[in-house]
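*Asks:* One structure, pasted below without further comment.
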There are 2 protein chains.
Amino acid sequence: MAKRKISNTLALAVLGLLQERSMHPYEMASTLRERHKDSSFKVNSGSLYDTVEALVRHGWIEPVETARDGRRPERTVYAPTALGQDEFVRWVDELVRTPVAEYPKFLAAISYLGALGPERAADALAGRAAELGRRVEETSAVLAETVGSGRVPRLFMIEVECALHAWEAELAWTRRTLAEIRDGSLYWPRVERTEQGWTWSAPAAAEGAK
Amino acid sequence: MAKRKISNTLALAVLGLLQERSMHPYEMASTLRERHKDSSFKVNSGSLYDTVEALVRHGWIEPVETARDGRRPERTVYAPTALGQDEFVRWVDELVRTPVAEYPKFLAAISYLGALGPERAADALAGRAAELGRRVEETSAVLAETVGSGRVPRLFMIEVECALHAWEAELAWTRRTLAEIRDGSLYWPRVERTEQGWTWSAPAAAEGAK
DNA sequence: CTCCGTATAGTAGGTTCCGACTATTAGGGA
DNA sequence: TCCCTAATAGTCGGAACCTACTATACGGAG
């Protein structure tokens, strides 16, 4: 599978918005924020303008109007091309269908959890759990207030549901692991430096040799 | 909270490896792969050499030896400084303690799930579920063969456990949502273009106005 | 009526990141 | 013995990305 020409998902957001109606970049950014889509897309004005340019280069969108309101900067309004409309659907399909490796910072961090030692590790995990708990509640509240009240169809906030589910899972894992550290069931090897690298102590029997 | 000087987690991996013993960059890459850490860190030789340079600039690691074996390219071996050792622990702590927003591609994709229509969306989700299932099994196998056999302490593969848990959660959500689309309980609004933007049809009663 | 904060709209510049490439050596099959 | 592949070790140029900044308009506090 050849690599996509444009891989930044912000471009997907742009294409998505332009399916509805033509817009200028600033309006895209504020619309995304209004709709809470800024939790699934990193909306950054610098990147946004670059992304829009890239989409134009590839012929997926095109400028349809440049207006000027008073002495404010000129606004360029864009609309998708036929190519862009096709590509949008194909891209969504591919992204849904094919899981790709991501590298969340948390995975990187717990790869070296050992370095903190059991007490500090437990403390840090507890801190994370508390914060995750807060976010889960906030997000539930947002969902209740939009979808729950019937103001927005559920399908239009489905990604928020998904994110919420993911956080809940992470929270569950964090709490479970925290408990295991505290009650000692997650064995913490004492690592010792020897000539020829390292060795670690094994829980009971079973030599801990490499 | 001020932004970190270095935010690429590959730098964390480098620091982590150098806690054990000094290495040259190529060796870091192959060690990470051997230990299955390449699923939590994006190991890319281009980035690796840049990262190492950045770490040197910040005084967290330093070259300790440059050897040449025959006519192969010169190898530079690095070791952490005292500063780098401190920073490593602080960084792990911070990353564990503080959740940061990530923007996985899947979230972006399902934000526009509507664009696929119910049939194609279901098909794509089914494809994803199948692939996720395969990965879950593969990963479980790797865990069984390393930790299960007692060759590696569980703590040293804890991030693989965590990733596995996250995938299982994603798989569960995907299957559930798939079922909801197929049995019609996830209402799929027909969106219609009108003057003044868009309207969508509501499930039964309840006006679908913005 | 003026000052300040916020919303509007976008630009500039530098760092980071990555894919594609170079060059050498070791090992194994025919 | 000769070739082909894999492993070793790293370089380079360009795209992507983000931070910080510019500049105007507008509404309300004092």
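Chain identifiers are assigned as A, B, and so on, following the order in which chains appear in the structure tokens; residues are numbered from 1 within each chain, and ligands are numbered from 1 in order of appearance.
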Identify all residues of stretch 37-201 of chain A in strand (DSSP E or B) (DSSP on the backbone) and supply them as a list in words.

*Replies:*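 Going through stretch 37-201 of chain A, the strand (DSSP E or B) residues come out as Ile61, Glu62, Pro63, Val64, Glu65, Thr66, Ala67, Arg75, Thr76, Val77, Tyr78, Ala79, Pro80, Val191, Glu192, Arg193, Thr194, Gly197, Trp198, Thr199 and Trp200 of chain A.
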
*Asks:* For N, CA and C atoms, I'd like the residues from the last selection saved as an mmCIF file, in the first residue's frame.

*Replies:*
```cif
data_model
loop_
_atom_site.group_PDB
_atom_site.id
_atom_site.type_symbol
_atom_site.label_atom_id
_atom_site.label_comp_id
_atom_site.auth_asym_id
_atom_site.auth_seq_id
_atom_site.Cartn_x
_atom_site.Cartn_y
_atom_site.Cartn_z
ATOM 1 N N ILE A 61 -9.028 20.648 -3.645
ATOM 2 C CA ILE A 61 -9.893 21.806 -3.391
ATOM 3 C C ILE A 61 -9.396 22.943 -4.267
ATOM 4 N N GLU A 62 -10.217 23.984 -4.406
ATOM 5 C CA GLU A 62 -9.760 25.136 -5.177
ATOM 6 C C GLU A 62 -10.391 26.404 -4.640
ATOM 7 N N PRO A 63 -9.684 27.527 -4.791
ATOM 8 C CA PRO A 63 -10.233 28.806 -4.347
ATOM 9 C C PRO A 63 -11.373 29.191 -5.266
ATOM 10 N N VAL A 64 -12.465 29.694 -4.664
ATOM 11 C CA VAL A 64 -13.604 30.080 -5.496
ATOM 12 C C VAL A 64 -13.905 31.565 -5.373
ATOM 13 N N GLU A 65 -13.214 32.244 -4.469
ATOM 14 C CA GLU A 65 -13.593 33.639 -4.220
ATOM 15 C C GLU A 65 -12.583 34.237 -3.250
ATOM 16 N N THR A 66 -12.185 35.459 -3.505
ATOM 17 C CA THR A 66 -11.385 36.143 -2.488
ATOM 18 C C THR A 66 -12.060 37.458 -2.169
ATOM 19 N N ALA A 67 -12.536 37.539 -0.951
ATOM 20 C CA ALA A 67 -13.298 38.719 -0.540
ATOM 21 C C ALA A 67 -12.478 39.538 0.427
ATOM 22 N N ARG A 75 -9.783 37.354 2.573
ATOM 23 C CA ARG A 75 -10.161 35.980 2.872
ATOM 24 C C ARG A 75 -10.302 35.217 1.569
ATOM 25 N N THR A 76 -9.710 34.049 1.510
ATOM 26 C CA THR A 76 -9.877 33.216 0.332
ATOM 27 C C THR A 76 -10.816 32.081 0.688
ATOM 28 N N VAL A 77 -11.872 31.954 -0.084
ATOM 29 C CA VAL A 77 -12.873 30.919 0.172
ATOM 30 C C VAL A 77 -12.614 29.742 -0.754
ATOM 31 N N TYR A 78 -12.656 28.521 -0.188
ATOM 32 C CA TYR A 78 -12.337 27.330 -0.960
ATOM 33 C C TYR A 78 -13.540 26.415 -1.103
ATOM 34 N N ALA A 79 -13.525 25.618 -2.171
ATOM 35 C CA ALA A 79 -14.537 24.581 -2.362
ATOM 36 C C ALA A 79 -13.828 23.328 -2.860
ATOM 37 N N PRO A 80 -14.402 22.150 -2.605
ATOM 38 C CA PRO A 80 -13.751 20.921 -3.047
ATOM 39 C C PRO A 80 -13.946 20.729 -4.552
ATOM 40 N N VAL A 191 17.266 -4.328 39.640
ATOM 41 C CA VAL A 191 18.207 -4.495 38.537
ATOM 42 C C VAL A 191 19.594 -4.208 39.044
ATOM 43 N N GLU A 192 20.534 -5.068 38.708
ATOM 44 C CA GLU A 192 21.899 -4.826 39.158
ATOM 45 C C GLU A 192 22.881 -4.804 38.006
ATOM 46 N N ARG A 193 23.776 -3.874 38.114
ATOM 47 C CA ARG A 193 24.829 -3.702 37.119
ATOM 48 C C ARG A 193 25.916 -4.734 37.402
ATOM 49 N N THR A 194 26.286 -5.493 36.390
ATOM 50 C CA THR A 194 27.428 -6.392 36.547
ATOM 51 C C THR A 194 28.367 -6.106 35.393
ATOM 52 N N GLY A 197 26.978 -6.077 31.325
ATOM 53 C CA GLY A 197 25.596 -5.602 31.264
ATOM 54 C C GLY A 197 24.835 -5.759 32.567
ATOM 55 N N TRP A 198 23.593 -6.201 32.486
ATOM 56 C CA TRP A 198 22.687 -6.159 33.626
ATOM 57 C C TRP A 198 22.099 -7.518 33.952
ATOM 58 N N THR A 199 21.706 -7.671 35.188
ATOM 59 C CA THR A 199 20.881 -8.815 35.574
ATOM 60 C C THR A 199 19.763 -8.312 36.462
ATOM 61 N N TRP A 200 18.710 -9.063 36.494
ATOM 62 C CA TRP A 200 17.632 -8.674 37.397
ATOM 63 C C TRP A 200 17.272 -9.855 38.274
#
```

*Asks:* Quick one: residues within 10 Å of A:His165, only C-alpha atoms (C1' of nucleotides), excluding same-chain residues fewer than 5 positions away - as an NGL selection string?

*Replies:* (:A and (136 or 159-160 or 170-171)) or (:B and (166 or 169-170 or 172-173))

*Asks:* Identify every residue of chain B that has at least one atom within 6 Å of any atom of chain A, counting only C-alpha atoms, and report the result as a PyMOL selection string.

*Replies:* chain B and resi 40+92+95-98+103+107-111+124-125+127-128+159

*Asks:* Under the rule of at most 9 Å, produce a per-residue listing of chain D near stretch 2-14 of chain C: chain, number, name, the closest pair of atoms, and the distance in Å, as a tab-separated table, using only C-alpha atoms (C1' of nucleotides).

*Replies:*
```
residue	atom	partner	partner_atom	distance
D:DC21	C1'	C:DA12	C1'	8.0
D:DT22	C1'	C:DT11	C1'	7.7
D:DT24	C1'	C:DT8	C1'	8.2
D:DA25	C1'	C:DT8	C1'	7.8
D:DC26	C1'	C:DA7	C1'	8.3
```

*Asks:* Can I get the selection written as a PDB file, in the first residue's frame, with C-alpha atoms (C1' of nucleotides)?

*Replies:*
```pdb
ATOM      1  C1'  DC D  21       3.871  37.346  15.470  1.00  0.00           C
ATOM      2  C1'  DT D  22       1.199  41.186  12.605  1.00  0.00           C
ATOM      3  C1'  DT D  24      -7.511  45.442  11.977  1.00  0.00           C
ATOM      4  C1'  DA D  25     -12.204  45.728  14.038  1.00  0.00           C
ATOM      5  C1'  DC D  26     -15.428  45.813  17.766  1.00  0.00           C
TER       6       DC D  26
END
```

*Asks:* Using only C-alpha atoms (C1' of nucleotides), what does the table of chain C residues within 12 Å of chain B look like, with each row giving the shortest atom pair and its distance in Å to one decimal, sorted by chain and ascending number, as a tab-separated table?

*Replies:*
```
residue	atom	partner	partner_atom	distance
C:DT15	C1'	B:Ala54	CA	10.8
C:DT16	C1'	B:Ser47	CA	8.4
C:DC17	C1'	B:Ser47	CA	6.1
C:DC18	C1'	B:Gly46	CA	6.5
C:DG19	C1'	B:Gly46	CA	8.5
C:DA20	C1'	B:Gly46	CA	10.3
C:DC21	C1'	B:Gly46	CA	11.4
C:DT22	C1'	B:Pro73	CA	10.9
C:DA23	C1'	B:Arg72	CA	8.1
C:DT24	C1'	B:Arg72	CA	5.6
C:DT25	C1'	B:Arg72	CA	7.8
```

*Asks:* Could those residues be written to a file, using N, CA and C atoms (P, O5', C5', C4', C3', O3' and C1' of nucleotides), as a PDB file, in the first residue's frame?

*Replies:*
```pdb
ATOM      1  P    DT C  15      16.197  27.216  14.600  1.00  0.00           P
ATOM      2  O5'  DT C  15      15.609  25.803  14.988  1.00  0.00           O
ATOM      3  C5'  DT C  15      14.509  25.758  15.903  1.00  0.00           C
ATOM      4  C4'  DT C  15      13.649  24.545  15.654  1.00  0.00           C
ATOM      5  C3'  DT C  15      14.416  23.216  15.690  1.00  0.00           C
ATOM      6  O3'  DT C  15      13.839  22.465  16.737  1.00  0.00           O
ATOM      7  C1'  DT C  15      12.915  23.286  13.842  1.00  0.00           C
ATOM      8  P    DT C  16      14.424  21.053  17.218  1.00  0.00           P
ATOM      9  O5'  DT C  16      13.381  20.012  16.598  1.00  0.00           O
ATOM     10  C5'  DT C  16      12.056  20.454  16.380  1.00  0.00           C
ATOM     11  C4'  DT C  16      11.270  19.401  15.622  1.00  0.00           C
ATOM     12  C3'  DT C  16      11.772  17.968  15.747  1.00  0.00           C
ATOM     13  O3'  DT C  16      10.607  17.183  15.815  1.00  0.00           O
ATOM     14  C1'  DT C  16      11.689  18.567  13.467  1.00  0.00           C
ATOM     15  P    DC C  17      10.530  15.697  16.361  1.00  0.00           P
ATOM     16  O5'  DC C  17      10.260  14.954  14.987  1.00  0.00           O
ATOM     17  C5'  DC C  17       9.304  15.547  14.112  1.00  0.00           C
ATOM     18  C4'  DC C  17       9.318  14.853  12.781  1.00  0.00           C
ATOM     19  C3'  DC C  17       9.806  13.416  12.817  1.00  0.00           C
ATOM     20  O3'  DC C  17       8.719  12.591  12.426  1.00  0.00           O
ATOM     21  C1'  DC C  17      10.842  14.656  11.045  1.00  0.00           C
ATOM     22  P    DC C  18       8.840  10.992  12.444  1.00  0.00           P
ATOM     23  O5'  DC C  18       9.119  10.660  10.917  1.00  0.00           O
ATOM     24  C5'  DC C  18       8.312  11.305   9.930  1.00  0.00           C
ATOM     25  C4'  DC C  18       8.940  11.145   8.580  1.00  0.00           C
ATOM     26  C3'  DC C  18       9.436   9.722   8.301  1.00  0.00           C
ATOM     27  O3'  DC C  18       8.735   9.228   7.188  1.00  0.00           O
ATOM     28  C1'  DC C  18      11.067  11.355   7.671  1.00  0.00           C
ATOM     29  P    DG C  19       8.705   7.661   6.868  1.00  0.00           P
ATOM     30  O5'  DG C  19       9.061   7.639   5.318  1.00  0.00           O
ATOM     31  C5'  DG C  19       8.566   8.660   4.459  1.00  0.00           C
ATOM     32  C4'  DG C  19       9.490   8.828   3.270  1.00  0.00           C
ATOM     33  C3'  DG C  19       9.926   7.520   2.610  1.00  0.00           C
ATOM     34  O3'  DG C  19       9.886   7.695   1.208  1.00  0.00           O
ATOM     35  C1'  DG C  19      11.848   8.732   3.348  1.00  0.00           C
ATOM     36  P    DA C  20      10.213   6.445   0.247  1.00  0.00           P
ATOM     37  O5'  DA C  20      11.637   6.832  -0.344  1.00  0.00           O
ATOM     38  C5'  DA C  20      11.916   8.194  -0.695  1.00  0.00           C
ATOM     39  C4'  DA C  20      13.387   8.313  -1.048  1.00  0.00           C
ATOM     40  C3'  DA C  20      13.981   7.077  -1.724  1.00  0.00           C
ATOM     41  O3'  DA C  20      14.829   7.500  -2.778  1.00  0.00           O
ATOM     42  C1'  DA C  20      15.222   7.585   0.205  1.00  0.00           C
ATOM     43  P    DC C  21      15.527   6.408  -3.751  1.00  0.00           P
ATOM     44  O5'  DC C  21      17.073   6.547  -3.366  1.00  0.00           O
ATOM     45  C5'  DC C  21      17.663   7.845  -3.319  1.00  0.00           C
ATOM     46  C4'  DC C  21      18.938   7.793  -2.511  1.00  0.00           C
ATOM     47  C3'  DC C  21      19.904   6.661  -2.908  1.00  0.00           C
ATOM     48  O3'  DC C  21      20.929   7.203  -3.729  1.00  0.00           O
ATOM     49  C1'  DC C  21      19.759   6.988  -0.514  1.00  0.00           C
ATOM     50  P    DT C  22      22.099   6.192  -4.264  1.00  0.00           P
ATOM     51  O5'  DT C  22      23.181   6.260  -3.105  1.00  0.00           O
ATOM     52  C5'  DT C  22      23.727   7.506  -2.681  1.00  0.00           C
ATOM     53  C4'  DT C  22      24.857   7.233  -1.712  1.00  0.00           C
ATOM     54  C3'  DT C  22      25.841   6.178  -2.210  1.00  0.00           C
ATOM     55  O3'  DT C  22      27.161   6.673  -2.082  1.00  0.00           O
ATOM     56  C1'  DT C  22      25.066   5.621  -0.025  1.00  0.00           C
ATOM     57  P    DA C  23      28.367   5.995  -2.916  1.00  0.00           P
ATOM     58  O5'  DA C  23      29.111   5.112  -1.817  1.00  0.00           O
ATOM     59  C5'  DA C  23      29.286   5.619  -0.509  1.00  0.00           C
ATOM     60  C4'  DA C  23      29.664   4.478   0.407  1.00  0.00           C
ATOM     61  C3'  DA C  23      30.379   3.314  -0.294  1.00  0.00           C
ATOM     62  O3'  DA C  23      31.589   3.081   0.390  1.00  0.00           O
ATOM     63  C1'  DA C  23      28.640   2.513   1.065  1.00  0.00           C
ATOM     64  P    DT C  24      32.733   2.106  -0.220  1.00  0.00           P
ATOM     65  O5'  DT C  24      32.809   0.943   0.857  1.00  0.00           O
ATOM     66  C5'  DT C  24      32.942   1.294   2.233  1.00  0.00           C
ATOM     67  C4'  DT C  24      32.505   0.141   3.079  1.00  0.00           C
ATOM     68  C3'  DT C  24      33.147  -1.204   2.725  1.00  0.00           C
ATOM     69  O3'  DT C  24      34.004  -1.586   3.791  1.00  0.00           O
ATOM     70  C1'  DT C  24      30.822  -1.414   3.201  1.00  0.00           C
ATOM     71  P    DT C  25      34.971  -2.889   3.658  1.00  0.00           P
ATOM     72  O5'  DT C  25      34.118  -4.016   4.384  1.00  0.00           O
ATOM     73  C5'  DT C  25      33.656  -3.792   5.715  1.00  0.00           C
ATOM     74  C4'  DT C  25      32.727  -4.916   6.108  1.00  0.00           C
ATOM     75  C3'  DT C  25      33.270  -6.321   5.866  1.00  0.00           C
ATOM     76  O3'  DT C  25      33.218  -7.026   7.089  1.00  0.00           O
ATOM     77  C1'  DT C  25      31.064  -6.119   5.036  1.00  0.00           C
TER      78       DT C  25
END
```

*Asks:* I need the contact residues of chain D against chain B, so if you could list those with any atom within 9 Å, counting only C-alpha atoms (C1' of nucleotides), and return them as a count of residues only, that would help.

*Replies:* 4

*Asks:* Check the DSSP output for the backbone and give back, as a ChimeraX atom specification, the residues of stretch 17-197 of chain A in alpha helix (DSSP H).

*Replies:* /A:17-20,25-34,45-57,82-97,105-111,117-143,158-182
